[in-house]
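This is upload.csv (CSV, C-alpha atoms and all ligand atoms).
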```csv
chain,number,residue,atom,x,y,z
A,1,MET,CA,127.1,134.2,81.2
A,2,LYS,CA,125.4,131.6,78.9
A,3,ASN,CA,126.3,128.0,78.7
A,4,LYS,CA,124.4,126.7,75.7
A,5,THR,CA,123.2,123.2,75.9
A,6,LYS,CA,123.9,120.9,73.0
A,7,GLN,CA,121.2,120.3,70.5
A,8,THR,CA,121.2,118.1,67.4
A,9,ALA,CA,121.7,120.7,64.7
A,10,LYS,CA,120.6,120.1,61.1
A,11,VAL,CA,123.2,120.5,58.5
A,12,ASP,CA,122.7,120.8,54.7
A,13,ARG,CA,125.0,119.2,52.2
A,14,ASP,CA,127.0,122.2,51.0
A,15,HIS,CA,127.5,123.4,54.5
A,16,GLY,CA,128.6,119.9,55.6
A,17,LEU,CA,131.0,119.5,52.7
A,18,ARG,CA,132.5,122.9,53.4
A,19,LEU,CA,133.1,122.4,57.1
A,20,LEU,CA,134.4,118.9,56.6
A,21,ARG,CA,136.7,119.8,53.8
A,22,LYS,CA,138.3,122.6,55.8
A,23,MET,CA,138.8,120.5,58.9
A,24,LEU,CA,140.2,117.7,56.8
A,25,LEU,CA,142.6,120.0,55.0
A,26,ILE,CA,143.9,121.3,58.3
A,27,ARG,CA,144.4,117.7,59.6
A,28,ARG,CA,146.1,116.4,56.5
A,29,PHE,CA,148.2,119.6,56.0
A,30,GLU,CA,149.5,119.2,59.5
A,31,ALA,CA,150.2,115.5,59.2
A,32,LYS,CA,152.3,116.3,56.2
A,33,SER,CA,154.0,119.2,58.1
A,34,ALA,CA,155.0,116.8,60.9
A,35,GLU,CA,156.6,114.5,58.3
A,36,LEU,CA,158.4,117.3,56.6
A,37,TYR,CA,159.7,118.5,60.0
A,38,SER,CA,161.2,115.1,60.7
A,39,ALA,CA,162.8,115.2,57.2
A,40,MET,CA,164.2,118.6,58.2
A,41,LYS,CA,162.4,120.4,55.3
A,42,ILE,CA,160.6,122.5,57.9
A,43,ARG,CA,162.9,124.0,60.6
A,44,GLY,CA,162.3,126.0,63.7
A,45,PHE,CA,159.2,125.4,65.8
A,46,LEU,CA,156.1,123.6,64.8
A,47,HIS,CA,152.9,123.4,66.9
A,48,LEU,CA,150.1,121.3,65.5
A,49,TYR,CA,146.4,121.9,65.9
A,50,ASP,CA,145.2,118.3,65.7
A,51,GLY,CA,141.9,117.9,67.6
A,52,GLU,CA,141.2,121.6,67.6
A,53,GLU,CA,140.1,122.0,64.0
A,54,ALA,CA,136.4,122.6,64.8
A,55,VAL,CA,137.3,125.8,66.7
A,56,ALA,CA,139.0,127.6,63.8
A,57,VAL,CA,136.6,126.3,61.2
A,58,GLY,CA,133.5,127.0,63.1
A,59,VAL,CA,134.6,130.5,64.1
A,60,MET,CA,135.6,131.5,60.5
A,61,GLU,CA,132.1,130.7,59.3
A,62,ALA,CA,130.8,133.7,61.3
A,63,LEU,CA,133.3,136.2,59.9
A,64,THR,CA,133.2,138.3,56.7
A,65,PRO,CA,136.3,139.1,54.5
A,66,GLU,CA,136.3,142.6,56.0
A,67,ASP,CA,136.7,141.3,59.6
A,68,ALA,CA,140.2,140.9,61.0
A,69,VAL,CA,141.8,137.8,62.6
A,70,VAL,CA,144.5,137.8,65.1
A,71,ALA,CA,145.9,134.4,65.9
A,72,THR,CA,148.2,132.4,68.1
A,73,TYR,CA,151.5,130.6,67.3
A,74,ARG,CA,149.5,127.4,66.8
A,75,GLU,CA,147.8,129.0,63.8
A,76,HIS,CA,148.1,126.8,60.7
A,77,GLY,CA,144.4,125.8,61.3
A,78,GLN,CA,143.3,129.4,61.8
A,79,ALA,CA,145.2,130.5,58.7
A,80,LEU,CA,143.9,127.7,56.5
A,81,ALA,CA,140.3,128.2,57.7
A,82,ARG,CA,140.6,131.9,57.0
A,83,GLY,CA,141.6,131.2,53.4
A,84,VAL,CA,145.3,131.8,53.5
A,85,SER,CA,146.6,129.5,50.7
A,86,ALA,CA,148.1,126.2,51.7
A,87,ASN,CA,150.9,127.0,49.1
A,88,ALA,CA,151.8,130.2,50.8
A,89,ILE,CA,151.8,128.6,54.3
A,90,MET,CA,153.9,125.6,53.3
A,91,ALA,CA,156.4,127.8,51.5
A,92,GLU,CA,156.6,130.0,54.6
A,93,MET,CA,157.4,127.0,56.7
A,94,TYR,CA,160.1,126.0,54.2
A,95,GLY,CA,161.5,129.5,54.6
A,96,LYS,CA,161.0,130.3,50.9
A,97,GLN,CA,160.4,133.8,49.5
A,98,GLU,CA,157.0,132.7,48.2
A,99,GLY,CA,155.8,132.2,51.7
A,100,CYS,CA,153.0,134.4,53.2
A,101,SER,CA,155.6,136.2,55.3
A,102,ARG,CA,158.4,135.9,52.6
A,103,GLY,CA,159.8,133.0,54.4
A,104,ARG,CA,161.0,135.1,57.3
A,105,GLY,CA,158.3,134.2,59.8
A,106,GLY,CA,158.0,130.4,59.7
A,107,SER,CA,155.3,128.4,61.3
A,108,MET,CA,154.6,130.9,64.2
A,109,HIS,CA,154.4,134.0,62.1
A,110,LEU,CA,151.9,133.4,59.3
A,111,PHE,CA,150.6,136.7,58.0
A,112,ASP,CA,148.4,137.7,55.1
A,113,ALA,CA,147.1,141.2,54.9
A,114,ALA,CA,144.8,140.4,51.9
A,115,ALA,CA,143.0,137.9,54.0
A,116,ARG,CA,143.1,140.3,57.0
A,117,PHE,CA,145.0,137.6,58.9
A,118,TYR,CA,147.3,139.5,61.2
A,119,GLY,CA,149.5,136.7,62.7
A,120,GLY,CA,150.7,134.3,64.1
A,121,ASN,CA,152.5,135.5,67.2
A,122,ALA,CA,155.2,133.7,69.2
A,123,ILE,CA,154.4,135.7,72.3
A,124,VAL,CA,151.7,134.0,74.3
A,125,GLY,CA,148.9,136.6,74.8
A,126,GLY,CA,150.7,138.9,72.3
A,127,GLY,CA,147.7,139.0,70.0
A,128,LEU,CA,145.3,140.4,72.6
A,129,PRO,CA,146.4,144.1,72.6
A,130,LEU,CA,146.9,143.9,68.8
A,131,ALA,CA,143.3,142.9,68.4
A,132,LEU,CA,142.2,145.8,70.6
A,133,GLY,CA,144.2,148.1,68.4
A,134,PHE,CA,142.5,146.9,65.2
A,135,ALA,CA,139.1,147.1,66.9
A,136,LEU,CA,139.8,150.6,68.2
A,137,ALA,CA,140.8,151.7,64.6
A,138,ASP,CA,137.5,150.3,63.3
A,139,ALA,CA,135.5,152.0,66.1
A,140,MET,CA,137.1,155.3,65.5
A,141,GLN,CA,136.4,155.1,61.7
A,142,GLY,CA,132.8,154.0,62.3
A,143,LYS,CA,133.4,150.7,60.5
A,144,LYS,CA,131.1,147.8,61.4
A,145,ARG,CA,133.8,145.2,61.5
A,146,VAL,CA,134.8,142.5,63.9
A,147,THR,CA,138.3,141.7,65.1
A,148,CYS,CA,138.4,138.1,66.1
A,149,CYS,CA,141.2,137.2,68.5
A,150,PHE,CA,142.3,133.6,69.2
A,151,PHE,CA,144.3,132.7,72.3
A,152,GLY,CA,145.0,129.7,74.5
A,153,ASP,CA,144.3,129.1,78.2
A,154,GLY,CA,147.9,129.9,78.8
A,155,ALA,CA,147.3,133.5,77.8
A,156,THR,CA,144.6,133.8,80.3
A,157,ALA,CA,147.1,133.5,83.1
A,158,GLU,CA,148.8,136.7,82.0
A,159,GLY,CA,148.1,140.2,83.0
A,160,VAL,CA,147.6,141.4,79.4
A,161,PHE,CA,144.5,139.2,79.2
A,162,TYR,CA,142.8,141.1,82.1
A,163,GLU,CA,143.9,144.5,80.8
A,164,SER,CA,142.6,143.7,77.3
A,165,LEU,CA,139.2,142.5,78.6
A,166,ASN,CA,138.9,145.6,80.8
A,167,LEU,CA,139.8,148.0,78.1
A,168,ALA,CA,137.6,146.3,75.4
A,169,ALA,CA,134.6,146.3,77.8
A,170,LEU,CA,135.3,149.9,79.0
A,171,TRP,CA,135.5,151.2,75.4
A,172,ARG,CA,133.0,148.8,74.0
A,173,LEU,CA,135.4,147.6,71.4
A,174,PRO,CA,134.3,145.3,68.6
A,175,VAL,CA,136.4,142.3,69.6
A,176,LEU,CA,135.3,138.7,69.4
A,177,PHE,CA,137.5,136.9,72.0
A,178,ILE,CA,138.0,133.2,71.2
A,179,LEU,CA,139.6,131.2,74.0
A,180,GLU,CA,140.9,127.8,72.8
A,181,ASN,CA,140.8,126.0,76.2
A,182,ASN,CA,142.7,122.8,75.5
A,183,LEU,CA,143.5,122.4,79.3
A,184,TYR,CA,147.3,122.7,79.0
A,185,ALA,CA,149.8,125.5,78.5
A,186,MET,CA,152.8,123.5,77.3
A,187,GLY,CA,153.2,120.9,80.1
A,188,THR,CA,151.2,122.9,82.7
A,189,ALA,CA,147.7,121.7,83.4
A,190,ILE,CA,145.3,124.6,83.9
A,191,CYS,CA,144.8,123.7,87.6
A,192,TYR,CA,148.5,124.4,88.3
A,193,ALA,CA,148.4,127.9,86.9
A,194,HIS,CA,145.0,129.2,87.9
A,195,ALA,CA,143.6,129.5,91.5
A,196,VAL,CA,140.2,129.4,89.8
A,197,ALA,CA,140.4,127.2,86.8
A,198,ASP,CA,137.0,128.2,85.4
A,199,ILE,CA,137.9,131.0,83.0
A,200,ALA,CA,134.7,132.2,81.4
A,201,PRO,CA,133.5,133.8,84.6
A,202,LYS,CA,136.7,135.9,84.7
A,203,ALA,CA,135.7,137.4,81.4
A,204,ALA,CA,132.1,137.9,82.6
A,205,SER,CA,133.4,139.7,85.7
A,206,HIS,CA,134.8,142.4,83.4
A,207,GLY,CA,131.3,143.0,82.0
A,208,VAL,CA,132.0,141.1,78.8
A,209,GLN,CA,129.2,139.0,77.3
A,210,THR,CA,130.4,135.4,77.7
A,211,GLU,CA,129.5,131.9,76.6
A,212,ILE,CA,131.0,128.4,76.6
A,213,VAL,CA,130.8,126.1,73.7
A,214,ASP,CA,131.8,122.5,73.0
A,215,GLY,CA,135.0,123.1,70.9
A,216,MET,CA,134.9,119.6,69.5
A,217,ASP,CA,131.6,120.3,67.8
A,218,VAL,CA,132.0,122.5,64.8
A,219,LEU,CA,128.3,123.4,64.6
A,220,ALA,CA,128.2,124.4,68.2
A,221,VAL,CA,131.3,126.6,67.6
A,222,GLU,CA,129.8,128.1,64.5
A,223,LYS,CA,126.5,128.9,66.3
A,224,GLY,CA,128.2,130.6,69.2
A,225,ALA,CA,130.6,132.5,66.9
A,226,ARG,CA,127.6,133.7,64.8
A,227,ARG,CA,125.9,135.0,67.9
A,228,GLY,CA,129.1,136.6,69.1
A,229,ALA,CA,130.0,138.2,65.8
A,230,GLU,CA,126.5,139.6,65.4
A,231,PHE,CA,126.6,141.0,68.9
A,232,VAL,CA,129.9,142.7,68.3
A,233,ARG,CA,129.0,143.9,64.8
A,234,GLU,CA,125.9,145.6,66.1
A,235,GLY,CA,128.0,147.8,68.4
A,236,ASN,CA,127.3,146.1,71.7
A,237,GLY,CA,131.0,145.8,72.6
A,238,PRO,CA,133.2,142.7,73.0
A,239,TYR,CA,132.0,139.1,73.2
A,240,PHE,CA,133.9,136.2,74.7
A,241,ILE,CA,133.6,132.5,73.8
A,242,GLU,CA,135.4,129.8,75.6
A,243,CYS,CA,135.8,126.8,73.3
A,244,ARG,CA,136.4,123.6,75.3
A,245,THR,CA,138.8,121.6,73.2
A,246,TYR,CA,141.8,119.3,73.3
A,247,ARG,CA,145.1,119.0,71.4
A,248,PHE,CA,145.7,115.4,70.3
A,249,ARG,CA,149.4,115.8,69.6
A,250,ALA,CA,152.3,116.9,71.7
A,251,HIS,CA,152.7,120.6,72.5
A,252,SER,CA,155.4,121.0,69.8
A,253,MET,CA,157.8,118.6,68.1
A,254,PHE,CA,159.9,118.4,71.3
A,255,ASP,CA,157.6,117.2,74.1
A,256,ALA,CA,157.7,113.9,75.9
A,257,GLU,CA,154.1,114.5,77.1
A,258,LEU,CA,154.9,113.5,80.7
A,259,TYR,CA,152.1,115.7,82.0
A,260,ARG,CA,149.1,113.7,80.8
A,261,THR,CA,148.2,110.1,80.4
A,262,ARG,CA,147.6,108.1,77.2
A,263,ALA,CA,144.2,107.2,78.5
A,264,GLU,CA,143.2,110.9,78.7
A,265,VAL,CA,144.3,111.5,75.2
A,266,GLU,CA,142.5,108.4,74.0
A,267,LYS,CA,139.3,109.5,75.8
A,268,TRP,CA,139.4,112.8,73.9
A,269,ARG,CA,140.3,111.2,70.6
A,270,LYS,CA,136.9,109.4,70.8
A,271,ARG,CA,135.4,112.9,70.4
A,272,ASP,CA,137.4,113.7,67.2
A,273,PRO,CA,135.7,116.7,65.7
A,274,ILE,CA,136.2,115.5,62.2
A,275,ALA,CA,134.9,111.9,62.7
A,276,SER,CA,132.0,113.1,64.9
A,277,PHE,CA,130.9,115.7,62.4
A,278,PHE,CA,131.1,113.2,59.5
A,279,ASP,CA,129.0,110.8,61.6
A,280,LEU,CA,126.4,113.5,62.1
A,281,CYS,CA,126.3,114.2,58.4
A,282,LYS,CA,125.9,110.5,57.6
A,283,GLU,CA,123.2,110.1,60.2
A,284,GLN,CA,121.3,112.9,58.5
A,285,ALA,CA,122.0,111.3,55.1
A,286,VAL,CA,123.6,114.5,53.7
A,287,LEU,CA,127.0,112.9,53.1
A,288,SER,CA,128.3,109.4,52.3
A,289,ASP,CA,131.5,107.4,52.6
A,290,ALA,CA,132.0,108.1,48.9
A,291,ASP,CA,131.9,111.9,49.6
A,292,MET,CA,134.5,111.4,52.3
A,293,GLU,CA,136.8,109.5,49.9
A,294,GLU,CA,136.5,112.2,47.4
A,295,LEU,CA,137.2,114.9,50.0
A,296,GLU,CA,140.3,112.9,51.1
A,297,ARG,CA,141.6,112.8,47.5
A,298,ASP,CA,140.9,116.4,46.9
A,299,VAL,CA,142.6,117.5,50.1
A,300,ALA,CA,145.6,115.2,49.5
A,301,ALA,CA,146.0,116.8,46.1
A,302,GLU,CA,146.0,120.3,47.7
A,303,VAL,CA,148.5,119.3,50.3
A,304,ASP,CA,150.8,117.6,47.6
A,305,GLY,CA,150.5,120.8,45.5
A,306,ALA,CA,151.5,122.9,48.5
A,307,VAL,CA,154.6,120.8,49.1
A,308,ALA,CA,155.5,120.9,45.4
A,309,PHE,CA,155.1,124.7,45.5
A,310,ALA,CA,157.3,125.0,48.5
A,311,GLU,CA,159.9,122.7,47.1
A,312,ALA,CA,160.0,124.8,43.9
A,313,GLY,CA,160.2,128.1,45.8
A,314,THR,CA,163.3,130.3,46.0
A,315,TRP,CA,165.6,131.1,48.8
A,316,GLU,CA,166.2,134.7,49.6
A,317,PRO,CA,169.7,135.8,48.6
A,318,VAL,CA,172.1,136.2,51.5
A,319,GLU,CA,172.7,139.8,50.4
A,320,ASP,CA,169.1,140.5,51.4
A,321,LEU,CA,169.6,139.4,54.9
A,322,THR,CA,169.1,142.8,56.5
A,323,ARG,CA,166.3,144.0,54.3
A,324,TYR,CA,163.1,144.7,56.2
A,325,VAL,CA,165.2,144.9,59.4
A,326,TYR,CA,166.7,148.4,59.0
A,327,SER,CA,165.0,151.2,57.1
A,328,GLU,CA,166.4,151.7,53.6
A,329,GLY,CA,167.4,155.1,52.5
A,330,ARG,CA,166.6,158.3,54.3
A,331,PRO,CA,163.2,158.4,56.0
A,332,ARG,CA,161.0,161.0,54.3
B,401,LIG,C1,154.9,135.7,77.0
B,401,LIG,C2,155.3,134.3,76.8
B,401,LIG,N1,155.6,133.5,77.9
B,401,LIG,C3,155.9,132.2,77.7
B,401,LIG,C4,156.1,131.7,76.5
B,401,LIG,C5,156.5,130.2,76.4
B,401,LIG,N2,155.4,129.4,75.9
B,401,LIG,C6,155.3,129.0,74.7
B,401,LIG,S1,153.9,128.2,74.4
B,401,LIG,C7,153.4,128.3,76.0
B,401,LIG,C8,152.1,127.7,76.4
B,401,LIG,C9,150.9,128.4,75.8
B,401,LIG,O1,149.7,127.7,76.1
B,401,LIG,P1,148.3,128.2,75.6
B,401,LIG,O2,148.2,129.6,75.5
B,401,LIG,O3,147.3,127.5,76.4
B,401,LIG,O4,148.3,127.7,74.1
B,401,LIG,P2,148.3,126.2,73.5
B,401,LIG,O5,149.8,125.8,73.4
B,401,LIG,O6,147.6,125.3,74.5
B,401,LIG,O7,147.7,126.2,72.2
B,401,LIG,C10,154.3,129.0,76.7
B,401,LIG,C11,154.2,129.3,78.1
B,401,LIG,C12,155.9,132.5,75.4
B,401,LIG,N3,156.0,132.0,74.1
B,401,LIG,N4,155.5,133.8,75.5
```
So, in terms of structure tokens, how does the structure I just supplied come out?
Amino acid sequence: MKNKTKQTAKVDRDHGLRLLRKMLLIRRFEAKSAELYSAMKIRGFLHLYDGEEAVAVGVMEALTPEDAVVATYREHGQALARGVSANAIMAEMYGKQEGCSRGRGGSMHLFDAAARFYGGNAIVGGGLPLALGFALADAMQGKKRVTCCFFGDGATAEGVFYESLNLAALWRLPVLFILENNLYAMGTAICYAHAVADIAPKAASHGVQTEIVDGMDVLAVEKGARRGAEFVREGNGPYFIECRTYRFRAHSMFDAELYRTRAEVEKWRKRDPIASFFDLCKEQAVLSDADMEELERDVAAEVDGAVAFAEAGTWEPVEDLTRYVYSEGRPR
């Protein structure tokens, strides 16, 4: 198991702009989503990714369009970083037909086959065996593709996590496991759910190549993900990355946050992945405050456009309620 030490990485302007824009889009898109939830435009569940943006954005840098992504229910960031359009995600959360899952999935079930983004899954740990299935299909067809599977620390308390690690290692499946360790599963701190709270060694004990990265540092995540994706793509079997991160907001829109102190949240906020990456870019004189202002304007326009798109979207007619639920006509 490797625990890479932090180095001051060099960043060039285009790269810096791309990473920063993606993280900013996620942050602003979600701030708007929270507002729209309070206004009851978005219904159902809503789990925000604030604070964890560096994980999705860093990991996606290492993937190609042919790779597959299997995500969690806290997946707006993963979907946006993968390139699922903000319009289609917002329309989905509005429940409109133009949504990426035709308005039937909502926040937890974003899906876009063209982007090879295979959910969004309300079942904690539910993506793990799906990812193994995608990877097995690729292995059987001799395709050099990676299936990247995101999951939270909550999933690692489940049996399916260990079964998935075991099978992926046994069959040398091309899976890039990305653990988003934000220290809490809803209101349960990791130490209350795990006899041994250090998770990476558990993956290593299954014979899976494992590393730990600072999930608040987008460049560190990208570097680890590139190492992992290359390892997997070259046919060496699965790779596991624990990204140590933190969610700044409540678990969902209904959470009094009695399980952690404000001081703890404030401490982590000082490590904001967006602010710290922007500071690094400024230190290296590749980006300026003016660049940030322009990015903010650009991202705000994209988010406003997504809201307008969702508002103008269409509701599915009630007569269609059972479509896609039961098979239509006689099966051939
Ligand atoms: C199989 C299953 N068990 C329980 C739940 C209820 N539940 C919803 S979110 C959650 C916590 C998940 O925590 P984690 O995997 O760490 O993800 P995070 O919320 O931190 O992103 C639980 C237990 C569920 N959705 N699915």
Given the point (155.6, 128.8, 58.8) in the file's coordinates, find the residues that have an atom at most 9 Å from it, counting all atoms listed in the file, and give them as a compact mmCIF listing (two decimals) with C-alpha atoms, in the coordinates of the input.
```txt
# COMPACT_ATOMS: atom_id res chain seq x y z
CA ILE A 42 160.60 122.50 57.90
CA ARG A 43 162.90 124.00 60.60
CA GLY A 44 162.30 126.00 63.70
CA PHE A 45 159.20 125.40 65.80
CA LEU A 46 156.10 123.60 64.80
CA HIS A 76 148.10 126.80 60.70
CA ALA A 88 151.80 130.20 50.80
CA ILE A 89 151.80 128.60 54.30
CA MET A 90 153.90 125.60 53.30
CA ALA A 91 156.40 127.80 51.50
CA GLU A 92 156.60 130.00 54.60
CA MET A 93 157.40 127.00 56.70
CA TYR A 94 160.10 126.00 54.20
CA GLY A 95 161.50 129.50 54.60
CA GLY A 99 155.80 132.20 51.70
CA CYS A 100 153.00 134.40 53.20
CA SER A 101 155.60 136.20 55.30
CA GLY A 103 159.80 133.00 54.40
CA ARG A 104 161.00 135.10 57.30
CA GLY A 105 158.30 134.20 59.80
CA GLY A 106 158.00 130.40 59.70
CA SER A 107 155.30 128.40 61.30
CA MET A 108 154.60 130.90 64.20
CA HIS A 109 154.40 134.00 62.10
CA LEU A 110 151.90 133.40 59.30
```
>> Which residues are close to Ala229 of chain A, i.e. within 9 Å by all atoms listed in the file, leaving aside same-chain residues fewer than 2 positions away? Reply as a list in words.
In response: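 Listed by chain and then number, they are Ala62, Leu63, Val146, Cys148, Pro174, Val175, Leu176, Gly224, Ala225, Arg226, Arg227, Phe231, Val232, Arg233, Glu234 and Tyr239 of chain A.
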>> Counting all atoms listed in the file, which residue out of A:Glu66, A:Asp153, A:Glu328, A:Glu98 sits closest to ligand LIG 401 (chain B)?
In response: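 With all atoms listed in the file as the atom set, the closest residue is A:Asp153.
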>> Give me, as number ranges by chain, the set of residues whose atoms come within 10 Å of any atom of ligand LIG 401 (chain B), counting only C-alpha atoms and all ligand atoms.
In response: A: 47-49, 52, 72-75, 121-126, 150-158, 160, 179-190, 245-247, 250-252
> So which one's closest to Leu287 of chain A, A:Val57, A:Ala9, A:Arg18, A:Thr210? Using all atoms listed in the file, please.
Replying inline: A:Arg18
> At what distance in Å, to one decimal, does atom CA of Ile241 of chain A lie from atom CA of Arg262 of chain A?
Replying inline: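 Atom CA of Arg262 of chain A sits 28.3 Å away from atom CA of Ile241 of chain A.
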>> So, with only C-alpha atoms as the atoms that count, which of A:Ala263, A:Ala275, A:Leu130, A:Ala300 lies closest to Met216 of chain A?
In response: A:Ala275
> So how far away is atom CA of Leu20 of chain A from atom CA of Gly215 of chain A, in Å?
Replying inline: 14.9 Å
> Can you tell me, as a list in words, which residues sit within 10 Å of (132.1, 116.8, 64.7) in the file's frame, using only C-alpha atoms?
Replying inline: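 Answer for this query, in the requested form: Leu19, Leu20, Met23, Glu53, Ala54, Gly215, Met216, Asp217, Val218, Leu219, Ala220, Arg271, Asp272, Pro273, Ile274, Ala275, Ser276, Phe277, Phe278, Asp279, Leu280 and Cys281 of chain A.
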> So how many Å separate atom CA of Val299 of chain A and atom CA of Phe254 of chain A, to one decimal?
Replying inline: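 Result for atom CA of Val299 of chain A versus atom CA of Phe254 of chain A: 27.4 Å, one decimal.
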> Restricting the calculation to all atoms listed in the file, which member of A:Leu25, A:Val196, A:Leu258, A:Ala68 is positioned closest to Gly127 of chain A?
Replying inline: A:Ala68
> Restricting the calculation to all atoms listed in the file, which member of A:Thr64, A:Ser288, A:Ser38, A:Thr322 is positioned closest to Lys144 of chain A?
Replying inline: A:Thr64
